$ cat model.txt   # compact mmCIF, C-alpha atoms
# COMPACT_ATOMS: atom_id res chain seq x y z
CA MET A 1 139.14 99.93 102.52
CA ARG A 2 142.13 97.52 102.44
CA LEU A 3 144.31 99.95 100.44
CA THR A 4 146.31 101.23 103.43
CA PRO A 5 147.92 97.91 104.48
CA ILE A 6 148.71 97.16 100.84
CA LEU A 7 150.52 100.49 100.52
CA PHE A 8 152.48 99.86 103.69
CA THR A 9 153.51 96.44 102.40
CA ALA A 10 154.73 97.90 99.11
CA ALA A 11 156.77 100.58 100.91
CA ALA A 12 158.36 98.00 103.18
CA ALA A 13 159.37 95.81 100.23
CA SER A 14 160.99 98.80 98.45
CA THR A 15 163.08 99.60 101.54
CA VAL A 16 164.24 96.04 102.10
CA HIS A 17 165.51 95.59 98.56
CA GLY A 18 167.01 99.11 98.24
CA LEU A 19 164.99 99.82 95.08
CA SER A 20 163.24 103.02 94.00
CA PHE A 21 160.35 103.26 91.53
CA PRO A 22 159.41 106.97 91.47
CA GLU A 23 157.19 106.75 88.39
CA VAL A 24 155.27 103.72 89.61
CA ARG A 25 155.00 105.20 93.08
CA SER A 26 153.66 108.50 91.72
CA ALA A 27 151.03 106.75 89.64
CA PHE A 28 150.07 104.51 92.57
CA VAL A 29 149.69 107.43 94.98
CA GLY A 30 147.67 109.38 92.43
CA TYR A 31 145.35 106.41 91.96
CA ALA A 32 144.99 106.03 95.72
CA ASP A 33 144.04 109.71 96.12
CA LYS A 34 141.46 109.42 93.36
CA LEU A 35 139.99 106.26 94.93
CA ARG A 36 139.88 107.87 98.37
CA ARG A 37 137.98 110.90 97.03
CA SER A 38 135.39 108.61 95.40
CA LEU A 39 134.57 106.92 98.71
CA PRO A 40 132.15 108.36 101.30
CA ASP A 41 133.49 110.05 104.38
CA SER A 42 134.77 107.15 106.49
CA SER A 43 133.68 108.90 109.67
CA ASN A 44 130.06 108.37 108.59
CA VAL A 45 130.31 104.77 107.39
CA PHE A 46 128.34 102.24 109.50
CA THR A 47 127.56 104.84 112.17
CA ARG A 48 124.37 106.36 113.52
CA SER A 49 123.75 109.53 115.41
CA PRO A 50 123.52 109.20 119.22
CA ALA A 51 119.76 109.72 118.99
CA GLU A 52 119.41 106.90 116.45
CA VAL A 53 121.50 104.54 118.55
CA GLU A 54 119.43 105.36 121.64
CA THR A 55 116.17 104.80 119.74
CA ARG A 56 117.19 101.36 118.50
CA ALA A 57 118.85 100.22 121.72
CA THR A 58 116.22 101.24 124.26
CA CYS A 59 112.95 99.45 124.83
CA PRO A 60 110.12 102.04 124.90
CA ALA A 61 109.10 102.83 128.49
CA VAL A 62 105.47 101.90 127.81
CA TRP A 63 106.43 98.22 127.79
CA THR A 64 107.42 98.34 131.44
CA SER A 65 103.84 99.24 132.32
CA ILE A 66 102.42 96.66 129.93
CA VAL A 67 104.62 93.88 131.32
CA SER A 68 103.60 94.78 134.86
CA GLU A 69 99.92 94.54 133.97
CA MET A 70 100.47 91.25 132.15
CA SER A 71 102.29 89.76 135.13
CA ALA A 72 99.31 90.48 137.36
CA LEU A 73 96.93 89.01 134.78
CA PHE A 74 98.83 85.74 134.39
CA ILE A 75 99.53 84.76 138.00
CA ASN A 76 97.54 82.36 140.16
CA LYS A 77 98.00 83.37 143.77
CA THR A 78 95.67 80.71 145.17
CA THR A 79 98.61 78.28 145.17
CA THR A 80 101.68 78.44 147.39
CA PRO A 81 103.94 79.52 145.84
CA SER A 82 102.14 81.22 142.95
CA GLN A 83 101.81 79.51 139.57
CA CYS A 84 100.67 80.53 136.09
CA ASN A 85 96.93 80.52 135.39
CA ASP A 86 94.56 79.84 132.49
CA ASP A 87 95.10 83.33 131.03
CA ALA A 88 98.84 82.60 130.90
CA ARG A 89 98.20 79.29 129.12
CA ALA A 90 95.94 80.99 126.62
CA ALA A 91 98.47 83.78 125.98
CA ILE A 92 101.20 81.27 125.14
CA ARG A 93 98.84 79.43 122.79
CA ALA A 94 97.71 82.70 121.17
CA ALA A 95 101.29 83.66 120.30
CA PHE A 96 101.79 80.29 118.60
CA HIS A 97 98.55 80.64 116.66
CA ASP A 98 99.35 84.14 115.41
CA CYS A 99 102.76 83.10 114.06
CA GLY A 100 102.17 79.44 113.29
CA THR A 101 100.08 79.97 110.15
CA TRP A 102 103.29 81.02 108.36
CA ASP A 103 105.42 78.84 106.13
CA SER A 104 108.34 79.47 103.78
CA THR A 105 106.08 80.13 100.78
CA GLN A 106 104.95 83.42 102.35
CA GLY A 107 108.35 85.08 102.68
CA ALA A 108 108.32 88.33 104.65
CA THR A 109 104.53 88.43 104.98
CA GLY A 110 101.98 86.91 107.33
CA GLY A 111 103.14 85.09 110.42
CA CYS A 112 103.50 87.22 113.55
CA ASP A 113 101.36 90.11 112.35
CA GLY A 114 98.54 90.34 114.88
CA SER A 115 96.00 88.99 112.40
CA LEU A 116 94.88 86.45 115.00
CA ILE A 117 93.05 89.36 116.65
CA VAL A 118 93.03 92.18 114.08
CA ALA A 119 91.67 89.97 111.28
CA ARG A 120 89.48 88.10 113.80
CA GLU A 121 91.04 84.70 113.16
CA ALA A 122 90.64 83.96 116.88
CA PHE A 123 86.90 84.45 116.55
CA ASP A 124 86.18 82.94 113.14
CA ARG A 125 88.33 79.79 112.92
CA PRO A 126 87.55 76.55 114.78
CA GLU A 127 91.22 75.79 115.50
CA ASN A 128 91.34 78.97 117.61
CA ALA A 129 88.48 77.94 119.88
CA GLY A 130 89.16 79.02 123.44
CA LEU A 131 91.27 82.05 122.46
CA GLN A 132 88.44 84.56 122.36
CA ASP A 133 88.69 85.68 126.00
CA ILE A 134 92.46 86.22 126.03
CA SER A 135 92.22 87.94 122.62
CA ASN A 136 89.72 90.44 124.00
CA LYS A 137 91.88 91.07 127.08
CA LEU A 138 95.04 91.63 125.06
CA LEU A 139 93.23 93.86 122.54
CA THR A 140 91.93 96.00 125.41
CA MET A 141 95.46 96.26 126.75
CA GLN A 142 96.82 97.26 123.34
CA GLN A 143 94.17 99.95 122.94
CA LYS A 144 94.93 101.27 126.41
CA TYR A 145 98.65 101.77 125.81
CA ASN A 146 98.88 102.44 122.06
CA THR A 147 99.68 106.07 121.20
CA ALA A 148 101.05 107.93 118.20
CA VAL A 149 104.18 108.79 120.17
CA SER A 150 104.78 105.25 121.43
CA PRO A 151 102.91 102.82 119.17
CA VAL A 152 102.04 99.38 120.51
CA SER A 153 100.94 96.79 117.97
CA VAL A 154 98.67 93.83 118.60
CA ALA A 155 101.37 91.63 117.06
CA ASP A 156 103.84 92.77 119.72
CA ILE A 157 101.30 92.45 122.53
CA LEU A 158 100.79 88.80 121.59
CA GLN A 159 104.49 87.91 121.62
CA VAL A 160 105.36 89.88 124.76
CA ALA A 161 102.37 88.31 126.52
CA ALA A 162 103.69 84.82 125.73
CA SER A 163 107.13 85.70 127.11
CA VAL A 164 105.66 87.14 130.32
CA ALA A 165 103.28 84.19 130.71
CA THR A 166 106.15 81.72 130.34
CA LEU A 167 108.12 83.44 133.09
CA THR A 168 105.04 83.53 135.32
CA CYS A 169 105.12 79.72 135.33
CA PRO A 170 107.75 78.60 137.88
CA GLY A 171 110.76 77.30 135.97
CA GLY A 172 109.93 79.18 132.77
CA PRO A 173 112.84 80.46 130.64
CA ARG A 174 113.49 84.01 129.46
CA VAL A 175 112.72 84.12 125.74
CA PRO A 176 114.48 86.85 123.70
CA THR A 177 111.65 89.32 123.11
CA PHE A 178 111.45 92.08 120.51
CA VAL A 179 108.90 94.76 119.57
CA GLY A 180 108.24 96.75 116.43
CA ARG A 181 106.05 94.39 114.39
CA LYS A 182 103.32 95.77 112.14
CA ASP A 183 99.71 94.65 112.39
CA SER A 184 97.77 93.21 109.46
CA ALA A 185 94.01 93.07 108.95
CA THR A 186 94.49 90.47 106.22
CA PRO A 187 93.76 86.94 107.46
CA ASN A 188 96.65 84.51 107.21
CA PRO A 189 96.21 81.29 105.19
CA ASP A 190 93.87 78.81 106.82
CA GLY A 191 94.70 75.19 107.61
CA ARG A 192 98.38 75.67 108.51
CA LEU A 193 98.21 75.16 112.25
CA PRO A 194 99.04 71.70 113.64
CA ASP A 195 96.23 69.19 114.06
CA CYS A 196 96.08 67.79 117.60
CA HIS A 197 95.32 64.40 116.07
CA GLY A 198 97.83 64.58 113.20
CA SER A 199 100.29 61.83 112.36
CA GLY A 200 103.93 62.21 113.31
CA ASP A 201 105.01 62.49 109.68
CA SER A 202 102.42 65.14 108.78
CA LEU A 203 103.18 67.27 111.84
CA PHE A 204 106.92 67.06 111.30
CA ALA A 205 106.49 68.08 107.64
CA LEU A 206 104.26 70.99 108.70
CA PHE A 207 106.95 72.38 111.02
CA GLN A 208 109.75 71.73 108.54
CA ALA A 209 107.85 73.97 106.09
CA LYS A 210 108.04 76.68 108.74
CA GLY A 211 111.82 76.21 109.04
CA PHE A 212 111.97 74.18 112.26
CA THR A 213 114.22 71.22 112.96
CA ALA A 214 113.17 68.06 114.81
CA ASN A 215 114.89 69.37 117.93
CA GLU A 216 113.10 72.72 117.75
CA LEU A 217 109.74 71.03 117.20
CA ALA A 218 110.28 68.74 120.20
CA ALA A 219 111.25 71.76 122.31
CA LEU A 220 108.19 73.78 121.25
CA LEU A 221 105.90 70.88 122.12
CA GLY A 222 107.06 71.25 125.70
CA ALA A 223 104.89 74.35 126.06
CA HIS A 224 102.14 71.81 126.68
CA SER A 225 103.77 71.41 130.09
CA ALA A 226 101.54 74.31 131.09
CA SER A 227 98.52 73.59 128.89
CA LYS A 228 95.00 72.35 129.45
CA ALA A 229 92.57 71.05 126.83
CA PHE A 230 89.17 72.67 126.66
CA ASN A 231 87.96 72.01 123.13
CA GLN A 232 89.07 68.47 122.25
CA PRO A 233 86.32 65.88 121.73
CA ASP A 234 88.45 63.06 123.17
CA ILE A 235 89.66 64.92 126.30
CA VAL A 236 87.59 66.03 129.30
CA PRO A 237 87.52 69.88 129.30
CA GLY A 238 90.07 71.36 131.66
CA THR A 239 92.36 68.33 131.66
CA SER A 240 96.06 69.16 131.64
CA GLN A 241 98.77 67.61 129.46
CA ASP A 242 101.06 66.82 132.37
CA ASP A 243 100.70 66.48 136.13
CA THR A 244 102.05 69.99 136.92
CA PRO A 245 100.21 72.41 134.58
CA GLY A 246 101.00 75.49 136.67
CA ILE A 247 104.73 74.81 136.45
CA TRP A 248 107.13 74.96 133.51
CA ASP A 249 108.90 71.61 133.83
CA VAL A 250 109.83 68.49 131.88
CA HIS A 251 107.14 66.30 133.43
CA TYR A 252 105.32 66.75 130.12
CA TYR A 253 107.90 64.65 128.26
CA SER A 254 107.82 61.69 130.63
CA ASN A 255 104.03 61.99 131.13
CA THR A 256 103.40 61.88 127.38
CA LEU A 257 105.42 58.68 127.05
CA LYS A 258 103.96 57.17 130.22
CA PRO A 259 100.67 58.87 131.23
CA VAL A 260 99.72 59.30 134.88
CA PRO A 261 96.23 59.79 136.38
CA GLY A 262 94.76 63.26 136.07
CA MET A 263 96.31 64.23 132.70
CA ALA A 264 95.74 63.43 129.03
CA SER A 265 98.05 63.81 126.04
CA PHE A 266 97.11 65.14 122.64
CA GLN A 267 97.25 62.26 120.17
CA GLY A 268 99.48 64.31 117.89
CA ASP A 269 101.96 64.87 120.71
CA PHE A 270 102.18 61.15 121.36
CA ASN A 271 102.62 60.48 117.65
CA LEU A 272 105.59 62.86 117.59
CA ALA A 273 106.99 61.42 120.82
CA VAL A 274 107.34 58.02 119.11
CA HIS A 275 108.27 59.40 115.67
CA PRO A 276 111.59 57.93 114.42
CA VAL A 277 113.17 61.38 114.01
CA VAL A 278 111.34 63.77 116.34
CA GLY A 279 111.00 61.08 119.01
CA LYS A 280 114.75 60.96 119.57
CA GLU A 281 114.77 64.68 120.32
CA PHE A 282 111.61 64.36 122.42
CA ASN A 283 113.18 61.65 124.58
CA GLY A 284 116.27 63.80 124.99
CA PHE A 285 114.29 66.31 127.06
CA VAL A 286 113.09 63.75 129.62
CA ASN A 287 114.53 64.78 133.00
CA ALA A 288 116.59 67.50 131.27
CA GLN A 289 115.11 70.81 132.44
CA GLY A 290 118.07 73.03 131.60
CA LYS A 291 118.52 71.50 128.16
CA TRP A 292 114.85 71.95 127.36
CA ASN A 293 114.61 75.51 128.68
CA SER A 294 117.50 76.60 126.49
CA ALA A 295 116.15 74.82 123.42
CA TYR A 296 112.64 76.19 123.97
CA ALA A 297 113.80 79.78 124.42
CA ASN A 298 115.73 79.62 121.14
CA ALA A 299 112.92 77.91 119.22
CA MET A 300 110.25 80.29 120.54
CA ALA A 301 112.40 83.32 119.71
CA LYS A 302 112.57 81.94 116.17
CA MET A 303 108.81 81.37 116.10
CA ALA A 304 108.17 84.97 117.18
CA LEU A 305 109.97 86.30 114.08
CA LEU A 306 108.17 84.26 111.41
CA GLY A 307 107.07 86.53 108.57
CA VAL A 308 108.62 89.63 110.15
CA PRO A 309 110.45 91.64 107.44
CA GLY A 310 114.14 91.78 108.28
CA GLY A 311 113.67 89.61 111.37
CA LYS A 312 114.96 91.09 114.60
CA SER A 313 117.25 93.54 112.76
CA ASN A 314 114.28 95.90 112.36
CA LEU A 315 112.94 95.38 115.88
CA ILE A 316 113.81 96.65 119.35
CA ASP A 317 114.99 94.29 122.08
CA CYS A 318 112.70 94.40 125.11
CA THR A 319 113.95 91.24 126.81
CA GLY A 320 115.30 93.38 129.64
CA VAL A 321 111.85 94.54 130.79
CA LEU A 322 110.52 91.02 131.28
CA PRO A 323 109.87 89.99 134.88
CA LYS A 324 112.24 87.78 136.82
CA GLY A 325 111.54 84.10 136.46
CA THR A 326 110.54 81.86 139.35
CA SER A 327 112.46 78.71 140.16
CA VAL A 328 110.66 75.39 140.48
CA LYS A 329 110.13 74.85 144.19
CA ARG A 330 110.62 71.47 145.81
CA GLU A 331 107.40 71.86 147.75
CA ILE A 332 105.47 72.13 144.47
CA LYS A 333 107.04 68.97 143.10
CA ALA A 334 106.23 67.13 146.31
CA ALA A 335 102.61 68.28 146.49
CA PRO A 336 99.82 65.74 145.87
CA ILE A 337 98.60 65.73 142.28
CA ASN A 338 95.19 67.08 143.32
CA ASP A 339 96.95 70.18 144.64
CA ARG A 340 98.94 70.60 141.43
CA VAL A 341 96.36 69.98 138.72
CA ARG A 342 93.88 72.82 138.83

$ encode --input "model.txt" --output "structure tokens"
Amino acid sequence: MRLTPILFTAAAASTVHGLSFPEVRSAFVGYADKLRRSLPDSSNVFTRSPAEVETRATCPAVWTSIVSEMSALFINKTTTPSQCNDDARAAIRAAFHDCGTWDSTQGATGGCDGSLIVAREAFDRPENAGLQDISNKLLTMQQKYNTAVSPVSVADILQVAASVATLTCPGGPRVPTFVGRKDSATPNPDGRLPDCHGSGDSLFALFQAKGFTANELAALLGAHSASKAFNQPDIVPGTSQDDTPGIWDVHYYSNTLKPVPGMASFQGDFNLAVHPVVGKEFNGFVNAQGKWNSAYANAMAKMALLGVPGGKSNLIDCTGVLPKGTSVKREIKAAPINDRVR
């Protein structure tokens, strides 16, 4: 495709020097014609029909309805202003658990494939305790909206739900969100999710095998800003991991390093917070909301593509149908802890 500028350069040189090479020029032009005929029609190279472009560029309309229903499911209106609820927390965790079983040995298989629900991992594996209720709710939603004309996979429902849930929490970032994943009824490998009591070294190695850096791991941990523990033997059920569990903020980072009454950290989180490599990144998010939000959105977008063949190149961008985020209100920050931890 670079033949044209070369020909123009040769012609210019011939004119400047006042030389004429008819035989060489004839052979060159003949070769160029032959080469041009062997190439495909340039008007069709790297182009798609208008219909194809529209199909790939437009998020299917069904997702607008799904996102609306999810928003209603994930909001807690008993607080003023509204915050995210336990279903939202569970949805964020479910998305991690569907994708997080993947590592680099699996290539373009496993990962974000809906097997958490379709292969009943949420119901059969101890590490998924507490995800049964949200799994049933999201499966019901998928069955309600899935059609032959506009297919909706469980794998996509899980990832979109996490994005909507994050935005339902005041302060939550907009995570790039794509649809088009395929479901799998084959269970993903067991034992590849992080242990809440794991050492810093073992947890860091686990996430490195999934392709994450220390910074990305520290950012992902921040999702525990909105979490509560219900199935940990060393934590009272319902205890949150920071003092504002209904809000997406960086209290988690400072609270993990210096606990306050009413919350409890996972031992594994603390181990990473003081890890010589991950700890530096962890400390970098203390009192740095904007920095963390950006890092989390990028890391979670990466998580949501683990094991997806072709990554986002084969998916459709539905980020635009996500709800508007809610800013962190001063009145929430100033509220007594008993009004914030619910």

$ atom_distance --input "model.txt" --atom1 "CA of Met263 in chain A" --atom2 "CA of Ile247 in chain A"
14.0 Å

$ closest_residue --input "model.txt" --among "A:Gly107, A:Gly211, A:Pro60, A:Pro261" --to "Met303 in chain A" --atoms "only C-alpha atoms"
A:Gly211

$ axis_aligned_box --input "model.txt" --around "range 126-137 of chain A" --padding-each-side "3 Å" --output "JSON"
{"center_x": 90.0, "center_y": 83.4, "center_z": 120.9, "size_x": 10.9, "size_y": 21.3, "size_z": 18.3}

$ atom_distance --input "model.txt" --atom1 "CA of Asn188 in chain A" --atom2 "CA of Gly110 in chain A"
5.8 Å

$ residues_around --input "model.txt" --residues "Pro259 in chain A" --least-positions-apart "4" --cutoff "12 Å" --atoms "only C-alpha atoms" --output "list in words"
Ser240, Gln241, Asp242, Asp243, His251, Tyr252, Tyr253, Ser254, Asn255, Met263, Ala264, Ser265, Phe266 and Phe270 of chain A

$ closest_residue --input "model.txt" --among "A:Cys112, A:Val274, A:Val152, A:Ala226" --to "Phe96 in chain A" --atoms "only C-alpha atoms"
A:Cys112

$ closest_residue --input "model.txt" --among "A:Gly284, A:His275, A:Thr105, A:Gln267" --to "His197 in chain A" --atoms "all atoms listed in the file"
A:Gln267

$ residues_near_point --input "model.txt" --point "(108.4, 80.4, 105.1)" --cutoff "10 Å" --atoms "all atoms listed in the file" --output "ChimeraX atom specification"
/A:101-111,208-211,306-307

$ closest_residue --input "model.txt" --among "A:Gly268, A:Leu158, A:Thr256, A:Asp133" --to "Cys196 in chain A" --atoms "all atoms listed in the file"
A:Gly268

$ atom_distance --input "model.txt" --atom1 "CA of Ser294 in chain A" --atom2 "CA of Pro176 in chain A"
11.0 Å

$ residues_around --input "model.txt" --residues "Ala91 in chain A" --least-positions-apart "2" --cutoff "8 Å" --atoms "only C-alpha atoms" --output "list in words"
Asp87, Ala88, Arg89, Arg93, Ala94, Ala95, Ile134, Leu158, Ala161, Ala162 and Ala165 of chain A

$ closest_residue --input "model.txt" --among "A:Ala297, A:Val154, A:Val118, A:Ala185" --to "Pro173 in chain A" --atoms "all atoms listed in the file"
A:Ala297

$ closest_residue --input "model.txt" --among "A:Ala90, A:Val175, A:Gly310, A:Pro194" --to "Gly130 in chain A" --atoms "only C-alpha atoms"
A:Ala90

$ residues_near_point --input "model.txt" --point "(96.5, 100.4, 126.8)" --cutoff "12 Å" --atoms "only C-alpha atoms" --output "PDB file with C-alpha atoms, keeping the file's coordinate frame"
ATOM      1  CA  VAL A  62     105.470 101.900 127.810  1.00  0.00           C
ATOM      2  CA  TRP A  63     106.430  98.220 127.790  1.00  0.00           C
ATOM      3  CA  SER A  65     103.840  99.240 132.320  1.00  0.00           C
ATOM      4  CA  ILE A  66     102.420  96.660 129.930  1.00  0.00           C
ATOM      5  CA  VAL A  67     104.620  93.880 131.320  1.00  0.00           C
ATOM      6  CA  GLU A  69      99.920  94.540 133.970  1.00  0.00           C
ATOM      7  CA  MET A  70     100.470  91.250 132.150  1.00  0.00           C
ATOM      8  CA  LYS A 137      91.880  91.070 127.080  1.00  0.00           C
ATOM      9  CA  LEU A 138      95.040  91.630 125.060  1.00  0.00           C
ATOM     10  CA  LEU A 139      93.230  93.860 122.540  1.00  0.00           C
ATOM     11  CA  THR A 140      91.930  96.000 125.410  1.00  0.00           C
ATOM     12  CA  MET A 141      95.460  96.260 126.750  1.00  0.00           C
ATOM     13  CA  GLN A 142      96.820  97.260 123.340  1.00  0.00           C
ATOM     14  CA  GLN A 143      94.170  99.950 122.940  1.00  0.00           C
ATOM     15  CA  LYS A 144      94.930 101.270 126.410  1.00  0.00           C
ATOM     16  CA  TYR A 145      98.650 101.770 125.810  1.00  0.00           C
ATOM     17  CA  ASN A 146      98.880 102.440 122.060  1.00  0.00           C
ATOM     18  CA  THR A 147      99.680 106.070 121.200  1.00  0.00           C
ATOM     19  CA  SER A 150     104.780 105.250 121.430  1.00  0.00           C
ATOM     20  CA  PRO A 151     102.910 102.820 119.170  1.00  0.00           C
ATOM     21  CA  VAL A 152     102.040  99.380 120.510  1.00  0.00           C
ATOM     22  CA  SER A 153     100.940  96.790 117.970  1.00  0.00           C
ATOM     23  CA  VAL A 154      98.670  93.830 118.600  1.00  0.00           C
ATOM     24  CA  ILE A 157     101.300  92.450 122.530  1.00  0.00           C
TER      25      ILE A 157
END

$ decode --input "model.txt" --residues "range 155-183 of chain A" --atoms "N, CA and C atoms" --output "CSV table (one decimal), in the first residue's frame"
chain,number,residue,atom,x,y,z
A,155,ALA,N,-23.2,-14.6,32.0
A,155,ALA,CA,-21.8,-14.0,32.2
A,155,ALA,C,-21.9,-12.5,32.1
A,156,ASP,N,-22.7,-12.0,31.1
A,156,ASP,CA,-22.9,-10.5,31.0
A,156,ASP,C,-23.7,-9.9,32.1
A,157,ILE,N,-24.8,-10.6,32.5
A,157,ILE,CA,-25.6,-10.2,33.6
A,157,ILE,C,-24.7,-9.9,34.9
A,158,LEU,N,-23.8,-10.9,35.1
A,158,LEU,CA,-22.9,-10.7,36.3
A,158,LEU,C,-22.1,-9.5,36.2
A,159,GLN,N,-21.5,-9.2,35.1
A,159,GLN,CA,-20.5,-8.1,35.0
A,159,GLN,C,-21.3,-6.8,34.9
A,160,VAL,N,-22.4,-6.7,34.2
A,160,VAL,CA,-23.2,-5.5,34.2
A,160,VAL,C,-23.7,-5.2,35.6
A,161,ALA,N,-24.2,-6.2,36.3
A,161,ALA,CA,-24.7,-6.0,37.7
A,161,ALA,C,-23.6,-5.4,38.6
A,162,ALA,N,-22.4,-5.8,38.4
A,162,ALA,CA,-21.3,-5.3,39.3
A,162,ALA,C,-21.1,-3.8,38.9
A,163,SER,N,-21.2,-3.4,37.7
A,163,SER,CA,-21.0,-2.0,37.3
A,163,SER,C,-22.1,-1.2,37.8
A,164,VAL,N,-23.3,-1.7,37.7
A,164,VAL,CA,-24.5,-0.9,38.2
A,164,VAL,C,-24.4,-0.8,39.7
A,165,ALA,N,-24.1,-1.9,40.4
A,165,ALA,CA,-24.0,-1.9,41.8
A,165,ALA,C,-23.0,-0.8,42.3
A,166,THR,N,-21.8,-0.8,41.6
A,166,THR,CA,-20.8,0.1,42.0
A,166,THR,C,-21.2,1.6,41.9
A,167,LEU,N,-22.0,1.9,40.8
A,167,LEU,CA,-22.5,3.2,40.7
A,167,LEU,C,-23.6,3.6,41.6
A,168,THR,N,-24.3,2.5,42.1
A,168,THR,CA,-25.4,2.8,43.1
A,168,THR,C,-24.8,3.2,44.4
A,169,CYS,N,-23.6,2.8,44.7
A,169,CYS,CA,-22.9,3.3,45.9
A,169,CYS,C,-22.4,4.7,45.7
A,170,PRO,N,-22.8,5.7,46.5
A,170,PRO,CA,-22.3,7.1,46.3
A,170,PRO,C,-20.8,7.1,46.2
A,171,GLY,N,-20.3,7.8,45.1
A,171,GLY,CA,-18.9,7.9,44.9
A,171,GLY,C,-18.3,6.9,44.0
A,172,GLY,N,-19.1,5.9,43.6
A,172,GLY,CA,-18.6,4.8,42.8
A,172,GLY,C,-18.3,5.2,41.3
A,173,PRO,N,-17.2,4.7,40.8
A,173,PRO,CA,-16.8,5.1,39.4
A,173,PRO,C,-17.6,4.3,38.3
A,174,ARG,N,-17.5,4.8,37.1
A,174,ARG,CA,-18.1,4.2,36.0
A,174,ARG,C,-17.0,3.2,35.3
A,175,VAL,N,-17.3,2.0,35.4
A,175,VAL,CA,-16.4,0.9,34.9
A,175,VAL,C,-16.7,0.7,33.5
A,176,PRO,N,-15.8,0.7,32.5
A,176,PRO,CA,-16.1,0.3,31.1
A,176,PRO,C,-16.7,-1.1,31.1
A,177,THR,N,-17.9,-1.1,30.5
A,177,THR,CA,-18.7,-2.3,30.6
A,177,THR,C,-19.1,-2.8,29.2
A,178,PHE,N,-18.9,-4.1,29.0
A,178,PHE,CA,-19.1,-4.7,27.6
A,178,PHE,C,-20.0,-5.9,27.8
A,179,VAL,N,-20.7,-6.3,26.7
A,179,VAL,CA,-21.6,-7.5,26.7
A,179,VAL,C,-21.3,-8.3,25.4
A,180,GLY,N,-21.6,-9.6,25.5
A,180,GLY,CA,-21.4,-10.5,24.3
A,180,GLY,C,-20.6,-11.7,24.8
A,181,ARG,N,-20.4,-11.9,26.1
A,181,ARG,CA,-19.8,-13.1,26.5
A,181,ARG,C,-20.6,-14.3,26.3
A,182,LYS,N,-20.0,-15.5,26.3
A,182,LYS,CA,-20.7,-16.8,26.2
A,182,LYS,C,-20.7,-17.5,27.5
A,183,ASP,N,-21.8,-18.1,27.8
A,183,ASP,CA,-21.9,-18.9,29.0
A,183,ASP,C,-21.3,-20.3,28.9
